[in-house]
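Data block below; observations after.
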4 protein chains.
Amino acid sequence: MSADHEEHLTHLSTTSRVEAFSDGVMAIAITLLVLDLKLPSTTNVANGGLLDALLVRWPTYAAYLAAFLTIGIIWLNHHTLIAKIARFDTRLHWLNLVLLLGVATLPFPTSLLAEYVGDGGPNASVAAAAYGLCATLMALPWSFMWRQLRDHPELLEPGYGAAYASAEMTRGGIGVPIYLGATIVSLFQPLLALALYAAIAALYAITFQGATSPRSVPNPSPRAKGEGR
Amino acid sequence: MSADHEEHLTHLSTTSRVEAFSDGVMAIAITLLVLDLKLPSTTNVANGGLLDALLVRWPTYAAYLAAFLTIGIIWLNHHTLIAKIARFDTRLHWLNLVLLLGVATLPFPTSLLAEYVGDGGPNASVAAAAYGLCATLMALPWSFMWRQLRDHPELLEPGYGAAYASAEMTRGGIGVPIYLGATIVSLFQPLLALALYAAIAALYAITFQGATSPRSVPNPSPRAKGEGR
Amino acid sequence: MSADHEEHLTHLSTTSRVEAFSDGVMAIAITLLVLDLKLPSTTNVANGGLLDALLVRWPTYAAYLAAFLTIGIIWLNHHTLIAKIARFDTRLHWLNLVLLLGVATLPFPTSLLAEYVGDGGPNASVAAAAYGLCATLMALPWSFMWRQLRDHPELLEPGYGAAYASAEMTRGGIGVPIYLGATIVSLFQPLLALALYAAIAALYAITFQGATSPRSVPNPSPRAKGEGR
Amino acid sequence: MSADHEEHLTHLSTTSRVEAFSDGVMAIAITLLVLDLKLPSTTNVANGGLLDALLVRWPTYAAYLAAFLTIGIIWLNHHTLIAKIARFDTRLHWLNLVLLLGVATLPFPTSLLAEYVGDGGPNASVAAAAYGLCATLMALPWSFMWRQLRDHPELLEPGYGAAYASAEMTRGGIGVPIYLGATIVSLFQPLLALALYAAIAALYAITFQGATSPRSVPNPSPRAKGEGR
């Protein structure tokens, strides 16, 4: 234990650094969203006053709120996921990078959505589909991460095993077909796709609440006492 | 204890990650403010020299300083609050996200204020009211967080109980009516509202100084010895 | 041990702060890349629709992906490197700052590459060479850091010694001549240089997989039991 | 000790959060500097080629490098300072915020310097003086922090006492008159002021090397054994 302790004094563990880097990327992505809330053009303000110039840009604020909450929900889920992983192997590192790529990229389709969804027609469809593809990218790694954890349960924290990972793999994979479906819908009905995106965010929010305890899992290992986080 | 120790070597606790994510968002929001301090336009510099072109933009610097100090004060208070929370449940997570939404958004009304408060008239009122609404959003979660801690004192660190949370709930709720009042004032007297915003920031700064010790709290638990942070 | 423990409660170690600062810079650099994915100009959208206006900018997306993966790979390698360093002396601090300078600067030549590599001619060569020089800067410090660790093996974690550092020094130095070579190639064949940059990124990705264990190293110290990170 | 340990599992200490927040602000400020390295205007590239359009902006790169190294040096010194502080009181928190204000603001006078120092005349003087004032702001808090630590040595880590703080207070105060002097010089000789700014950065770099050990300090406390960080 003394050697463990000494080690602890000089380093964050591998998992802690993954947490720190991921938290950093998500904190920055969520905060960079404010850069889209630009000052209205002076011409618009001169013509109709500041209030009208601000109000006419309501899709920008709606997109800002939606993207803020989406990244917030992903952070909550990511935090629940990583709390169950004891060690990251190379595959988990890469899958985590793909997730971060989706999060870091989200501000771009969000600004497309804000700019073009109100116009209708093909441009609104393209913007809504771009958002859907980016969201699919963010939904993809979860299921693959759980599959890797199912196949290598020694990477899991004590108290979680292959059966738990298998159940999470199914649950974590639901997002992909739904987001892909919403992306296809967006080609014909961009506003309906928007409503679907919001519904999926709500699904993730509900999902988050029920997933923090391993108590109902059928295979608690004998080491289960230590993980009551 | 050995299992606890092992766990500690691989993960930051839930609360530590909330701290890290919140610190990240606040550090980024406070640093992004500098992006508003743009180079003056070359036309202005050519006409009157660099010094005049810089000085004429004094409201930008005043707004930069005000927003920097406001986020700094919120960070100090947030840090004092979180030091007393042992565990985050879902409701505390969401209330913390609302607080971070307010912090991350503040740069936008700050730049509106810097741009329009000097003009007077309805545009100055709109800009000052936008700042007031964002500040109200930032003031809202504190009282709700303390209410949740009062109702679930098991989420508090040892040494803090329901009575302490109840007192903090009252204290933490003061900001909302004051900010709402200042927002109403801003509709008629934007400069007076500005002075009120500054006064509330000062109130938070004073509030911060007295709130770090649980010593005067009537219900110290028998475990109180361990929390002298 | 009690004093150690007390100390631990108040501070991250020196190495932990280097990790935190480096992770911060890399997380920010990787997330700032999205700022290059700007909305297409309204003229382009009005003329050919949003889809064409987006698709015509494919080099921007390719450069975004390449830079995201490059910084991701550097983060993985940096994380493997730092896990083996017990203490940072002044020289290691400075070499780490040079590495961070390269990472923080990479978004600039990346945007040059995205903008000009499709044009061909001298501008494409200049853009590709600028990327190559920045990549060389990022490749330089690794070998110097391992040389310092070879000469001062007391800075290494237990279980790693001068022989291990010496082997890593050779391996870590490979990037520099390859990147310099690719930079020279870029003067004549910018697209070929691009392919070389991608190949080197793949090399780093493969390198990463094999370098996490000291087991095959000839000089395991008697303290080797404690470092199984 | 069990209670301490439990507490440790749920929270970073106050000092760790100050470190994390400060590291965040400094990491962001140092990385945001790259946003000044903009693509050259298409007109300039069309007229003289990309290489000339890049080379003509050399002051931008010089200012980028200078500011990157300045913030890097401040990070190194800040890290050395905080390693000696066991607890932050309100005054230390505020002085640290002033330091972070200086760091976060530095990118603005840096871009002024890059833009106008080559022009000579009053505009170059104004830009160089703005940089000098911001640097003075960054130099101010060090001495005040050490004075607070001298008057409250119980805030220091074991092994450091009032005499050590007193010596550091003198050393930490040198920067202010030098930066103020350089600011006055900048009014008449902006390029000479630039050279002085570079010289002070070098002074800080040298200062950093000699300040990590308390061994030569006359008042080692009996608890000195625990602080060998």
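Residue numbers start at 1 in each chain; chains themselves are named A, B, ... in the order of the structure tokens; ligands are numbered from 1 in the order shown.
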
Find the residues around Asn44 in chain D up to 12 Å (only C-alpha atoms counted), leave out those fewer than 4 positions away in its own chain, and share them as a JSON list (two decimals) with C-alpha atoms, in the first residue's frame.
[["chain", "number", "residue", "atom", "x", "y", "z"],
["D", 39, "LEU", "CA", -5.34, 33.67, -42.63],
["D", 40, "PRO", "CA", -3.86, 36.51, -44.72],
["D", 48, "GLY", "CA", 2.15, 38.69, -53.97],
["D", 49, "GLY", "CA", 1.61, 35.00, -53.26],
["D", 50, "LEU", "CA", 0.99, 33.25, -49.94],
["D", 51, "LEU", "CA", 4.63, 33.28, -48.81],
["D", 52, "ASP", "CA", 4.99, 37.06, -48.98],
["D", 53, "ALA", "CA", 1.56, 37.57, -47.45],
["D", 54, "LEU", "CA", 2.66, 35.42, -44.49],
["D", 55, "LEU", "CA", 6.16, 36.86, -44.10],
["D", 56, "VAL", "CA", 5.00, 40.47, -44.07],
["D", 57, "ARG", "CA", 3.11, 39.70, -40.87]]

(request) Can you pull out every residue within 12 Å of Asp151 in chain C, counting only C-alpha atoms, but drop anything in the same chain fewer than 2 positions away, and send it as a ChimeraX atom specification? (result) /C:91,144-149,153-156,161-166,169

(message) Write out as a ChimeraX atom specification the set of residues from range 15-185 of chain B that DSSP, computed on the backbone, places in alpha helix (DSSP H).
(response) /B:15-32,42-55,58-82,90-105,107-116,121-151,162-173,175-185

Could you turn the residues from that selection into a file that holds C-alpha atoms, as a compact mmCIF listing (two decimals), in the first residue's frame?
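This is the output file out.txt:
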# COMPACT_ATOMS: atom_id res chain seq x y z
CA THR B 15 -18.11 15.49 -6.87
CA SER B 16 -14.58 16.02 -8.11
CA ARG B 17 -15.73 15.67 -11.70
CA VAL B 18 -18.55 18.17 -11.13
CA GLU B 19 -15.93 20.52 -9.72
CA ALA B 20 -13.61 19.92 -12.67
CA PHE B 21 -16.35 20.40 -15.29
CA SER B 22 -17.74 23.50 -13.53
CA ASP B 23 -14.27 24.96 -13.06
CA GLY B 24 -13.63 24.30 -16.75
CA VAL B 25 -16.79 26.08 -17.90
CA MET B 26 -16.15 29.04 -15.58
CA ALA B 27 -12.46 29.27 -16.51
CA ILE B 28 -13.35 29.27 -20.21
CA ALA B 29 -16.21 31.76 -19.87
CA ILE B 30 -14.00 34.17 -17.88
CA THR B 31 -11.18 33.87 -20.45
CA LEU B 32 -13.40 34.14 -23.55
CA THR B 42 -8.27 51.04 -38.82
CA THR B 43 -10.45 53.98 -39.92
CA ASN B 44 -10.82 55.19 -36.33
CA VAL B 45 -7.08 54.84 -35.74
CA ALA B 46 -6.26 56.67 -38.97
CA ASN B 47 -8.55 59.57 -38.06
CA GLY B 48 -7.73 60.17 -34.40
CA GLY B 49 -4.76 58.00 -33.45
CA LEU B 50 -4.67 54.73 -31.51
CA LEU B 51 -5.05 56.32 -28.07
CA ASP B 52 -8.35 58.05 -28.87
CA ALA B 53 -9.64 54.97 -30.70
CA LEU B 54 -8.95 52.93 -27.57
CA LEU B 55 -10.27 55.44 -25.02
CA TRP B 58 -14.23 52.64 -22.36
CA PRO B 59 -17.64 50.96 -21.87
CA THR B 60 -16.14 47.80 -23.38
CA TYR B 61 -13.40 47.75 -20.76
CA ALA B 62 -15.86 48.53 -17.93
CA ALA B 63 -18.12 45.67 -19.07
CA TYR B 64 -15.09 43.36 -19.37
CA LEU B 65 -14.00 44.14 -15.80
CA ALA B 66 -17.55 43.80 -14.43
CA ALA B 67 -18.12 40.43 -16.11
CA PHE B 68 -14.68 39.15 -15.10
CA LEU B 69 -15.31 40.03 -11.45
CA THR B 70 -18.88 38.65 -11.53
CA ILE B 71 -17.71 35.26 -12.84
CA GLY B 72 -14.81 35.34 -10.38
CA ILE B 73 -17.21 35.93 -7.48
CA ILE B 74 -19.52 33.17 -8.69
CA TRP B 75 -16.54 30.83 -8.87
CA LEU B 76 -15.61 31.65 -5.26
CA ASN B 77 -19.19 31.05 -4.08
CA HIS B 78 -19.54 27.90 -6.16
CA HIS B 79 -16.34 26.57 -4.69
CA THR B 80 -17.63 27.27 -1.13
CA LEU B 81 -20.95 25.61 -1.95
CA ILE B 82 -19.48 22.45 -3.50
CA THR B 90 -29.69 14.10 -10.44
CA ARG B 91 -31.49 17.25 -9.28
CA LEU B 92 -28.27 18.85 -8.05
CA HIS B 93 -26.64 17.98 -11.39
CA TRP B 94 -29.41 19.74 -13.32
CA LEU B 95 -29.41 22.80 -11.04
CA ASN B 96 -25.65 23.03 -11.47
CA LEU B 97 -26.10 22.87 -15.27
CA VAL B 98 -28.58 25.78 -15.08
CA LEU B 99 -25.98 27.77 -13.14
CA LEU B 100 -23.32 26.95 -15.74
CA LEU B 101 -25.77 27.96 -18.50
CA GLY B 102 -26.04 31.38 -16.87
CA VAL B 103 -22.26 31.70 -16.51
CA ALA B 104 -21.55 30.52 -20.07
CA THR B 105 -24.16 32.90 -21.50
CA PRO B 107 -20.54 37.18 -22.14
CA PHE B 108 -23.41 37.81 -24.58
CA PRO B 109 -25.50 40.33 -22.52
CA THR B 110 -22.20 41.81 -21.32
CA SER B 111 -21.28 42.69 -24.89
CA LEU B 112 -24.80 44.06 -25.49
CA LEU B 113 -24.37 46.25 -22.40
CA ALA B 114 -20.94 47.47 -23.52
CA GLU B 115 -22.29 48.36 -26.96
CA TYR B 116 -25.59 50.04 -26.12
CA GLY B 121 -33.09 55.32 -24.89
CA PRO B 122 -34.87 51.99 -25.48
CA ASN B 123 -31.75 50.17 -26.78
CA ALA B 124 -29.88 50.85 -23.52
CA SER B 125 -32.90 49.56 -21.58
CA VAL B 126 -33.06 46.37 -23.65
CA ALA B 127 -29.34 45.71 -23.19
CA ALA B 128 -29.50 46.33 -19.41
CA ALA B 129 -32.61 44.15 -19.08
CA ALA B 130 -30.92 41.30 -21.01
CA TYR B 131 -28.02 41.46 -18.54
CA GLY B 132 -30.48 41.46 -15.64
CA LEU B 133 -32.35 38.41 -16.92
CA CYS B 134 -29.12 36.46 -17.40
CA ALA B 135 -27.98 37.46 -13.89
CA THR B 136 -31.36 36.31 -12.50
CA LEU B 137 -30.81 32.94 -14.22
CA MET B 138 -27.42 32.72 -12.48
CA ALA B 139 -28.97 33.64 -9.11
CA LEU B 140 -31.87 31.15 -9.34
CA PRO B 141 -30.20 27.74 -8.76
CA TRP B 142 -28.46 28.55 -5.43
CA SER B 143 -31.62 28.58 -3.37
CA PHE B 144 -33.02 25.48 -5.08
CA MET B 145 -29.75 23.62 -4.50
CA TRP B 146 -29.84 24.45 -0.78
CA ARG B 147 -33.51 23.41 -0.60
CA GLN B 148 -32.59 20.03 -2.08
CA LEU B 149 -29.73 19.75 0.45
CA ARG B 150 -32.09 20.70 3.29
CA ASP B 151 -34.50 17.94 2.23
CA ALA B 162 -30.66 20.49 7.45
CA ALA B 163 -30.61 23.58 9.68
CA TYR B 164 -27.43 24.84 8.02
CA ALA B 165 -28.89 24.18 4.56
CA SER B 166 -32.08 25.97 5.55
CA ALA B 167 -30.18 29.10 6.59
CA GLU B 168 -28.14 29.03 3.36
CA MET B 169 -31.34 28.56 1.34
CA THR B 170 -32.68 31.88 2.65
CA ARG B 171 -29.36 33.62 2.15
CA GLY B 172 -28.90 32.12 -1.34
CA GLY B 173 -32.36 33.26 -2.43
CA GLY B 175 -30.17 37.48 -5.22
CA VAL B 176 -33.24 36.61 -7.28
CA PRO B 177 -35.66 39.40 -6.15
CA ILE B 178 -32.84 41.94 -6.20
CA TYR B 179 -31.80 41.00 -9.74
CA LEU B 180 -35.45 40.91 -10.88
CA GLY B 181 -35.96 44.33 -9.30
CA ALA B 182 -32.87 45.67 -11.03
CA THR B 183 -34.15 44.24 -14.31
CA ILE B 184 -37.44 46.18 -13.88
CA VAL B 185 -35.50 49.32 -13.00

(message) I'd like the interatomic distance between CA of Ala201 in chain D and CA of Ile174 in chain D, to a tenth of an Å.
(response) 12.4 Å

(message) I'd like the interatomic distance between CA of Leu187 in chain C and CA of Val117 in chain C, to a tenth of an Å.
(response) 11.8 Å

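Distance-wise, CA of Asp119 in chain C and CA of Gln189 in chain C end up 12.4 Å apart.
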